[in-house]
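Peer 1: Sending over final34.cif (mmCIF, C-alpha atoms).
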```cif
data_protein
loop_
_atom_site.label_atom_id
_atom_site.label_comp_id
_atom_site.auth_asym_id
_atom_site.auth_seq_id
_atom_site.Cartn_x
_atom_site.Cartn_y
_atom_site.Cartn_z
CA MET A 234 0.00 0.00 0.00
CA GLU A 235 1.44 3.35 -0.96
CA ARG A 236 2.01 6.10 1.53
CA ALA A 237 -0.72 8.68 1.77
CA SER A 238 0.35 11.67 -0.30
CA GLU A 239 -0.90 14.96 0.99
CA SER A 240 0.13 16.84 -2.14
CA SER A 241 -2.10 14.98 -4.60
CA GLU A 242 -5.68 16.22 -4.58
CA PRO A 243 -8.31 13.55 -4.16
CA VAL A 244 -10.84 13.62 -6.95
CA LEU A 245 -13.94 15.31 -5.59
CA ASP A 246 -16.65 13.56 -7.50
CA ALA A 247 -19.37 13.24 -4.92
CA LYS A 248 -19.01 13.61 -1.21
CA SER A 249 -20.06 10.30 0.15
CA GLN A 250 -20.34 9.71 3.83
CA LEU A 251 -18.91 6.80 5.73
CA ILE A 252 -21.80 5.48 7.74
CA ASP A 253 -20.46 2.21 9.05
CA PHE A 254 -17.23 0.35 9.40
CA GLN A 255 -17.16 -3.34 10.20
CA TRP A 256 -14.11 -5.46 10.61
CA LYS A 257 -12.90 -9.01 11.01
CA LEU A 258 -9.55 -10.41 12.03
CA GLY A 259 -9.07 -13.81 10.43
CA MET A 260 -6.46 -16.50 9.93
CA ALA A 261 -6.11 -18.38 6.67
CA VAL A 262 -5.12 -21.96 7.45
CA SER A 263 -5.14 -23.61 4.06
CA SER A 264 -5.59 -22.85 0.38
CA ASP A 265 -5.64 -24.75 -2.88
CA SER A 266 -2.04 -23.76 -3.51
CA CYS A 267 -0.70 -24.00 -0.01
CA ARG A 268 -1.91 -26.79 2.25
CA SER A 269 -0.71 -25.47 5.55
CA LEU A 270 -0.81 -21.75 6.23
CA LYS A 271 -0.87 -19.54 9.24
CA TYR A 272 -1.71 -16.25 7.63
CA PRO A 273 -3.51 -13.59 9.64
CA TYR A 274 -5.39 -10.90 7.78
CA VAL A 275 -7.78 -8.04 8.48
CA ALA A 276 -10.98 -7.76 6.47
CA VAL A 277 -12.84 -4.47 6.56
CA MET A 278 -16.25 -3.51 5.26
CA LEU A 279 -16.98 0.14 4.71
CA LYS A 280 -20.58 1.22 4.31
CA VAL A 281 -20.66 4.34 2.20
CA ALA A 282 -23.73 6.43 1.42
CA ASP A 283 -23.53 8.74 -1.57
CA GLN A 284 -25.36 12.01 -1.95
CA SER A 285 -28.50 10.36 -3.26
CA GLY A 286 -28.61 8.16 -0.19
CA GLN A 287 -27.64 5.00 -2.01
CA ILE A 288 -25.58 2.72 0.18
CA LYS A 289 -22.63 0.79 -1.15
CA ASN A 290 -20.51 -1.75 0.66
CA LYS A 291 -16.80 -1.73 0.04
CA PHE A 292 -14.81 -4.77 1.13
CA ILE A 293 -11.08 -4.67 1.66
CA GLU A 294 -8.67 -7.32 2.81
CA MET A 295 -5.30 -6.40 4.27
CA THR A 296 -2.22 -8.16 5.47
CA ILE A 297 -1.08 -7.22 8.96
CA PRO A 298 1.63 -4.81 7.75
CA GLN A 299 -0.92 -3.20 5.44
CA PHE A 300 -3.36 -2.86 8.34
CA GLN A 301 -0.69 -1.26 10.51
CA ASN A 302 0.04 1.23 7.75
CA PHE A 303 -3.71 1.90 7.37
CA TYR A 304 -4.05 2.52 11.12
CA ARG A 305 -1.02 4.76 11.16
CA GLN A 306 -2.43 6.93 8.39
CA PHE A 307 -5.72 7.38 10.23
CA LYS A 308 -3.83 8.38 13.34
CA GLU A 309 -1.97 10.93 11.24
CA ILE A 310 -5.23 12.35 9.93
CA ALA A 311 -6.65 12.57 13.45
CA ALA A 312 -3.54 14.37 14.65
CA VAL A 313 -3.88 16.91 11.85
CA MET A 314 -7.58 17.37 12.56
CA GLU A 315 -6.71 18.15 16.19
CA THR A 316 -4.36 20.92 15.28
CA VAL A 317 -6.36 22.81 12.65
CA MET B 131 20.31 -35.23 -7.89
CA ALA B 132 23.41 -36.74 -6.39
CA ALA B 133 23.88 -36.54 -2.68
CA LEU B 134 26.79 -34.58 -1.30
CA ALA B 135 30.27 -36.05 -1.68
CA ALA B 136 32.82 -36.37 1.10
CA GLU B 137 34.66 -33.27 -0.14
CA HIS B 138 31.50 -31.17 0.29
CA PHE B 139 31.07 -32.25 3.89
CA ALA B 140 34.76 -31.55 4.43
CA ALA B 141 34.25 -28.04 3.01
CA LEU B 142 31.32 -27.47 5.38
CA GLN B 143 33.69 -28.00 8.29
CA SER B 144 35.24 -24.60 7.51
CA LEU B 145 32.24 -23.23 9.37
CA LEU B 146 33.81 -24.55 12.56
CA LYS B 147 36.19 -21.62 12.30
CA ALA B 148 33.35 -19.18 12.84
CA SER B 149 33.54 -17.18 16.05
CA SER B 150 29.90 -17.71 16.92
CA LYS B 151 26.69 -19.46 15.85
CA ASP B 152 25.41 -16.11 14.59
CA VAL B 153 28.29 -15.86 12.13
CA VAL B 154 27.40 -19.31 10.81
CA ARG B 155 23.76 -18.33 10.56
CA GLN B 156 24.53 -15.11 8.73
CA LEU B 157 26.82 -16.80 6.24
CA CYS B 158 24.26 -19.51 5.56
CA GLN B 159 21.45 -17.01 5.09
CA GLU B 160 23.54 -14.97 2.67
CA SER B 161 24.37 -18.09 0.71
CA PHE B 162 20.71 -19.15 0.41
CA SER B 163 19.84 -16.45 -2.09
CA ARG B 164 20.15 -17.48 -5.71
CA SER B 165 22.59 -14.74 -6.51
CA ALA B 166 25.00 -15.98 -3.86
CA LEU B 167 26.97 -18.27 -6.17
CA GLY B 168 29.64 -16.23 -7.85
CA SER B 169 29.10 -13.24 -5.60
CA GLU B 170 32.46 -11.58 -5.02
CA SER B 171 31.38 -9.81 -1.86
CA LEU B 172 30.03 -12.98 -0.28
CA LEU B 173 33.33 -14.68 -1.05
CA ASP B 174 35.22 -11.86 0.63
CA ILE B 175 32.94 -11.88 3.67
CA THR B 176 33.38 -15.64 3.99
CA CYS B 177 37.16 -15.37 3.73
CA SER B 178 37.42 -12.68 6.35
CA SER B 179 34.91 -13.97 8.88
CA LEU B 180 36.31 -17.50 8.84
CA SER B 181 39.94 -16.63 8.09
CA VAL B 182 40.09 -19.09 5.22
CA THR B 183 41.59 -18.94 1.75
CA GLN B 184 39.51 -17.94 -1.24
CA GLU B 185 39.56 -21.51 -2.46
CA GLU B 186 38.28 -22.83 0.87
CA ALA B 187 35.58 -20.14 0.93
CA GLU B 188 34.48 -21.05 -2.59
CA GLN B 189 34.31 -24.73 -1.69
CA LEU B 190 32.29 -23.93 1.43
CA LEU B 191 29.77 -21.82 -0.45
CA GLN B 192 29.46 -24.49 -3.15
CA ALA B 193 28.86 -27.14 -0.50
CA LEU B 194 26.21 -25.02 1.26
CA HIS B 195 24.51 -24.37 -2.02
CA ARG B 196 24.48 -28.06 -2.90
CA LEU B 197 23.15 -28.99 0.51
CA THR B 198 20.21 -26.61 0.34
CA ARG B 199 19.45 -27.55 -3.24
CA LEU B 200 19.39 -31.20 -2.23
CA VAL B 201 17.00 -30.44 0.63
CA THR B 202 14.73 -28.54 -1.75
CA PHE B 203 14.92 -31.18 -4.47
CA ARG B 204 14.00 -33.97 -2.09
CA ASP B 205 11.41 -31.72 -0.46
CA LEU B 206 12.74 -32.45 3.01
CA SER B 207 11.03 -30.65 5.83
CA SER B 208 11.87 -32.46 9.02
CA ALA B 209 14.96 -32.29 11.20
CA GLU B 210 15.38 -36.09 11.02
CA ALA B 211 15.40 -36.07 7.22
CA ILE B 212 17.99 -33.31 7.02
CA LEU B 213 20.20 -34.78 9.75
CA ALA B 214 20.20 -38.07 7.84
CA LEU B 215 21.99 -36.37 4.93
CA PHE B 216 25.15 -35.96 6.97
CA PRO B 217 27.75 -38.72 7.33
CA GLU B 218 28.11 -40.54 10.66
CA ASN B 219 31.36 -38.88 11.62
CA PHE B 220 30.29 -35.30 10.84
CA HIS B 221 30.73 -32.82 13.68
CA GLN B 222 27.55 -33.23 15.78
CA ASN B 223 27.03 -29.63 16.88
CA LEU B 224 27.67 -28.22 13.42
CA LYS B 225 25.29 -30.78 11.94
CA ASN B 226 22.56 -29.77 14.39
CA LEU B 227 23.16 -26.07 13.80
CA LEU B 228 23.09 -26.39 10.02
CA THR B 229 19.90 -28.44 10.22
CA LYS B 230 18.28 -25.80 12.40
CA ILE B 231 19.32 -22.99 10.06
CA ILE B 232 18.04 -24.84 7.00
CA LEU B 233 14.71 -25.54 8.69
CA GLU B 234 14.36 -21.84 9.54
CA HIS B 235 15.07 -20.98 5.93
CA ILE B 236 12.45 -23.46 4.70
CA ALA B 237 9.87 -21.97 7.07
CA ILE B 238 10.54 -18.46 5.78
CA CYS B 239 10.34 -19.53 2.12
CA HIS B 240 7.11 -21.31 2.88
CA ARG B 241 5.62 -18.21 4.50
CA VAL B 242 6.70 -16.00 1.60
CA LYS B 243 5.21 -18.45 -0.87
CA ALA B 244 2.02 -18.61 1.17
CA CYS B 245 1.68 -14.84 1.26
CA LYS B 246 2.31 -14.56 -2.47
CA THR B 247 -0.20 -17.23 -3.36
CA LEU B 248 -2.78 -15.94 -0.95
CA LEU B 249 -2.51 -12.44 -2.26
CA SER B 250 -3.04 -13.63 -5.80
CA THR B 251 -5.73 -16.25 -5.40
CA VAL B 252 -8.93 -16.34 -3.42
CA SER B 253 -9.00 -13.03 -1.67
CA LEU B 254 -11.08 -9.95 -1.28
CA PRO B 255 -10.26 -6.64 -2.94
CA ARG B 256 -7.17 -4.84 -1.74
CA LEU B 257 -6.51 -1.26 -0.84
CA VAL B 258 -3.84 -0.01 -3.21
CA ASP B 259 -3.76 3.66 -2.34
CA LEU B 260 -4.98 5.98 0.35
CA ASP B 261 -4.96 9.73 -0.21
CA TRP B 262 -6.37 12.30 2.13
CA ARG B 263 -6.74 15.99 2.74
CA VAL B 264 -7.97 17.91 5.74
CA ASP B 265 -10.10 20.96 5.04
CA ILE B 266 -11.63 23.51 7.34
CA LYS B 267 -15.18 24.51 6.65
CA THR B 268 -15.24 28.21 7.34
CA SER B 269 -18.76 29.04 6.32
CA SER B 270 -21.86 27.76 4.60
CA ASP B 271 -25.18 29.11 3.48
CA SER B 272 -26.60 28.41 6.90
CA ILE B 273 -23.66 29.27 9.14
CA SER B 274 -21.59 32.31 8.34
CA ARG B 275 -18.61 31.62 10.53
CA MET B 276 -17.23 28.33 11.72
CA ALA B 277 -14.03 26.34 11.83
CA VAL B 278 -14.97 22.74 11.35
CA PRO B 279 -12.22 20.40 10.27
CA THR B 280 -13.24 17.74 7.84
CA CYS B 281 -11.27 15.03 6.14
CA LEU B 282 -11.60 14.03 2.51
CA LEU B 283 -10.39 10.52 2.08
CA GLN B 284 -9.93 8.68 -1.17
CA MET B 285 -9.28 4.97 -1.21
CA LYS B 286 -8.29 3.15 -4.35
CA ILE B 287 -9.46 -0.42 -4.23
CA GLN B 288 -8.28 -3.11 -6.58
CA GLU B 289 -10.65 -5.95 -7.22
CA ASP B 290 -9.53 -9.59 -6.89
CA PRO B 291 -6.81 -9.91 -9.55
CA SER B 292 -7.55 -13.55 -10.25
CA LEU B 293 -11.06 -12.64 -11.35
CA CYS B 294 -10.03 -9.82 -13.61
CA GLY B 295 -7.24 -11.45 -15.56
CA ASP B 296 -4.55 -9.10 -16.70
CA LYS B 297 -6.25 -5.83 -15.92
CA PRO B 298 -7.73 -5.83 -12.45
CA SER B 299 -10.11 -2.93 -12.06
CA VAL B 300 -9.34 -0.22 -9.58
CA SER B 301 -12.22 1.75 -8.15
CA ALA B 302 -11.95 4.91 -6.14
CA VAL B 303 -14.08 5.67 -3.14
CA THR B 304 -14.08 9.21 -1.81
CA VAL B 305 -15.65 9.93 1.54
CA GLU B 306 -15.90 12.92 3.77
CA LEU B 307 -15.18 12.21 7.40
CA SER B 308 -16.08 14.39 10.32
CA LYS B 309 -13.93 14.33 13.40
CA GLU B 310 -16.51 12.17 15.17
CA THR B 311 -16.58 9.61 12.37
CA LEU B 312 -12.79 9.55 12.30
CA ASP B 313 -12.60 9.03 16.06
CA THR B 314 -15.06 6.17 15.81
CA MET B 315 -12.95 4.61 13.07
CA LEU B 316 -9.80 5.01 15.10
CA ASP B 317 -11.56 3.35 17.99
CA GLY B 318 -12.39 0.36 15.81
CA LEU B 319 -8.91 0.18 14.34
CA GLY B 320 -7.45 0.36 17.84
CA ARG B 321 -9.56 -2.62 18.82
CA ILE B 322 -8.24 -4.58 15.86
CA ARG B 323 -4.73 -3.70 16.96
CA ASP B 324 -5.48 -4.90 20.50
CA GLN B 325 -6.89 -8.16 19.16
CA LEU B 326 -3.78 -8.65 17.06
CA SER B 327 -1.57 -8.28 20.12
CA ALA B 328 -3.77 -10.70 22.02
CA VAL B 329 -3.54 -13.26 19.20
CA ALA B 330 0.18 -12.73 18.78
CA SER B 331 0.85 -13.38 22.44
CA LYS B 332 -0.97 -16.74 22.40
#
```
How does the structure come out when it is put into structure tokens?
Peer 2:
Amino acid sequence: MERASESSEPVLDAKSQLIDFQWKLGMAVSSDSCRSLKYPYVAVMLKVADQSGQIKNKFIEMTIPQFQNFYRQFKEIAAVMETV
Amino acid sequence: MAALAAEHFAALQSLLKASSKDVVRQLCQESFSRSALGSESLLDITCSSLSVTQEEAEQLLQALHRLTRLVTFRDLSSAEAILALFPENFHQNLKNLLTKIILEHIAICHRVKACKTLLSTVSLPRLVDLDWRVDIKTSSDSISRMAVPTCLLQMKIQEDPSLCGDKPSVSAVTVELSKETLDTMLDGLGRIRDQLSAVASK
């Protein structure tokens, strides 16, 4: 996952709102290509409502390092929000 | 693939000149990468850390390479199987150490392979980019003066690559987050982090 870049403007198509955030911490134990695994992952579901009120679910799966990076970026945003 | 010859096991004994187990481990780990054979710098490191001649260093690295290739070829994964490769009179402690190091290496390769395959086969969409910007709302048609921070967050999500063939589709989701929403999210993410620590400590 790339670092958040403050200098690139996010495309402002429509301002959707995040109305729910669900998560799951799982462990993959086996797959068709790898019989024995011990692979933890974080699965997140974001419920987003657009301006018309239509709700969309966005699923994301992350490895643990990716999750840690994700968390760190949100902490960064919160810190900035505190200071402005 | 032929098993190791007596001269290879003899070459491995150069490792006995190492000053510590860590030196042995480091040398082995360096030699495991495919680019190790023929690497000038690895040869130099081996010479200096073991105080051996270039020829002895070369023979050692060749022997290590052969040993790990044999383990891979025969798909050995247990200590017993690897120990059995060594001759009866081989230095016991060195044999045990080498076996341990090789097993560690196998475990790492396995994990890397698992991660790679998992990330490319059955899996949910992945977050490939996260961009954000914090704005301050200073006024609106209903409130003339205010200073409300708000975050604009854009996430780029890539759909499951195995379903999309060569060109996995990337969709962008842009949301506006108030401080309250952000705090709630942080709360949730903090709980995931706590759970991870709890699982890790088990």
Peer 1: Please compute the CA of Asp174 in chain B-CA of His138 in chain B distance, one decimal, in Å.
Peer 2: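 CA of Asp174 in chain B sits 19.7 Å away from CA of His138 in chain B.
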Peer 1: Using the file's own x, y and z axes, what box holds all listed atoms of range 292-297 of chain A with 5 Å on each side, keeping edges along x, y and z, and what are its centre and edge lengths in Å to one decimal, as JSON?
Peer 2:
```
{"center_x": -7.9, "center_y": -6.4, "center_z": 5.0, "size_x": 23.7, "size_y": 13.5, "size_z": 17.8}
```
Peer 1: Running the PyMOL selection byres ((chain A and resi 291-302) around 6) on this model by hand, what would come out? Give it as a list in words.
Peer 2: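 On this input, the PyMOL selection byres ((chain A and resi 291-302) around 6) captures Tyr274, Val275, Ala276, Val277, Met278, Leu279, Asn290, Phe303, Tyr304 and Arg305 of chain A; Leu254, Pro255 and Arg256 of chain B.
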Peer 1: Between CA of His235 in chain B and CA of Gln156 in chain B, what distance in Å does the model show, to one decimal?
Peer 2: 11.5 Å
Peer 1: Pull out every residue that the PyMOL selection byres ((chain B and resi 213-216) around 8) matches in the shown coordinates and put them as a ChimeraX atom specification.
Peer 2: /B:133,139,209-212,217-218,220,225-226,229
Peer 1: So what do you get for CA of Glu188 in chain B versus CA of Ala140 in chain B, distance-wise?
Peer 2: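 About the pair CA of Glu188 in chain B and CA of Ala140 in chain B: they are 12.6 Å apart.
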Peer 1: In the coordinates of the file, take the point (24.2, -18.3, 12.3) and a cut-off of 12 Å; then, counting only C-alpha atoms, name each qualifying protein, DNA or RNA residue as an MDAnalysis selection string.
Peer 2: chainID B and resid 145:146 148:161 224 226:232 234:235
Peer 1: For each of A:Gln287, A:Ser263, A:Gln250, A:Gln306, take the minimum atom-to-atom distance to chain B, counting all atoms listed in the file, then give the residue where this is smallest.
Peer 2: A:Gln250
Peer 1: Neighbours of Ser178 in chain B within 10 Å (all atoms listed in the file; same-chain residues fewer than 6 positions away dropped), as a list in words?
Peer 2: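 Neighbouring residues, sequence-local ones excluded: Leu172, Gln184 and Ala187 of chain B.
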Peer 1: Looking at all atoms listed in the file, which of A:Ser285, A:Thr316, A:Gln255, A:Ser249 is the one that sits closest to chain B?
Peer 2: A:Ser249
Peer 1: Please return, as a list in words, all residues of chain B lying within 7 Å of chain A when all atoms listed in the file are considered.
Peer 2: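 Contact residues on the first chain: Ala244, Thr247, Leu254, Pro255, Arg256, Leu257, Val258, Asp259, Leu260, Asp261, Trp262, Arg263, Val264, Pro279, Gln284, Thr304, Val305, Glu306, Leu307, Leu312, Leu316 and Leu319 of chain B.
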Peer 1: Excluding Ser144 in chain B and residues on its chain fewer than 6 positions from it, collect all residues at most 9 Å away from it, counting all atoms listed in the file, and give them as a ChimeraX atom specification.
Peer 2: /B:180,182,186-187,190
Peer 1: Care to translate the PyMOL selection byres ((chain B and resi 132) around 10) into actual residues of this file, as a ChimeraX atom specification?
Peer 2: /B:131,133-135,196,200
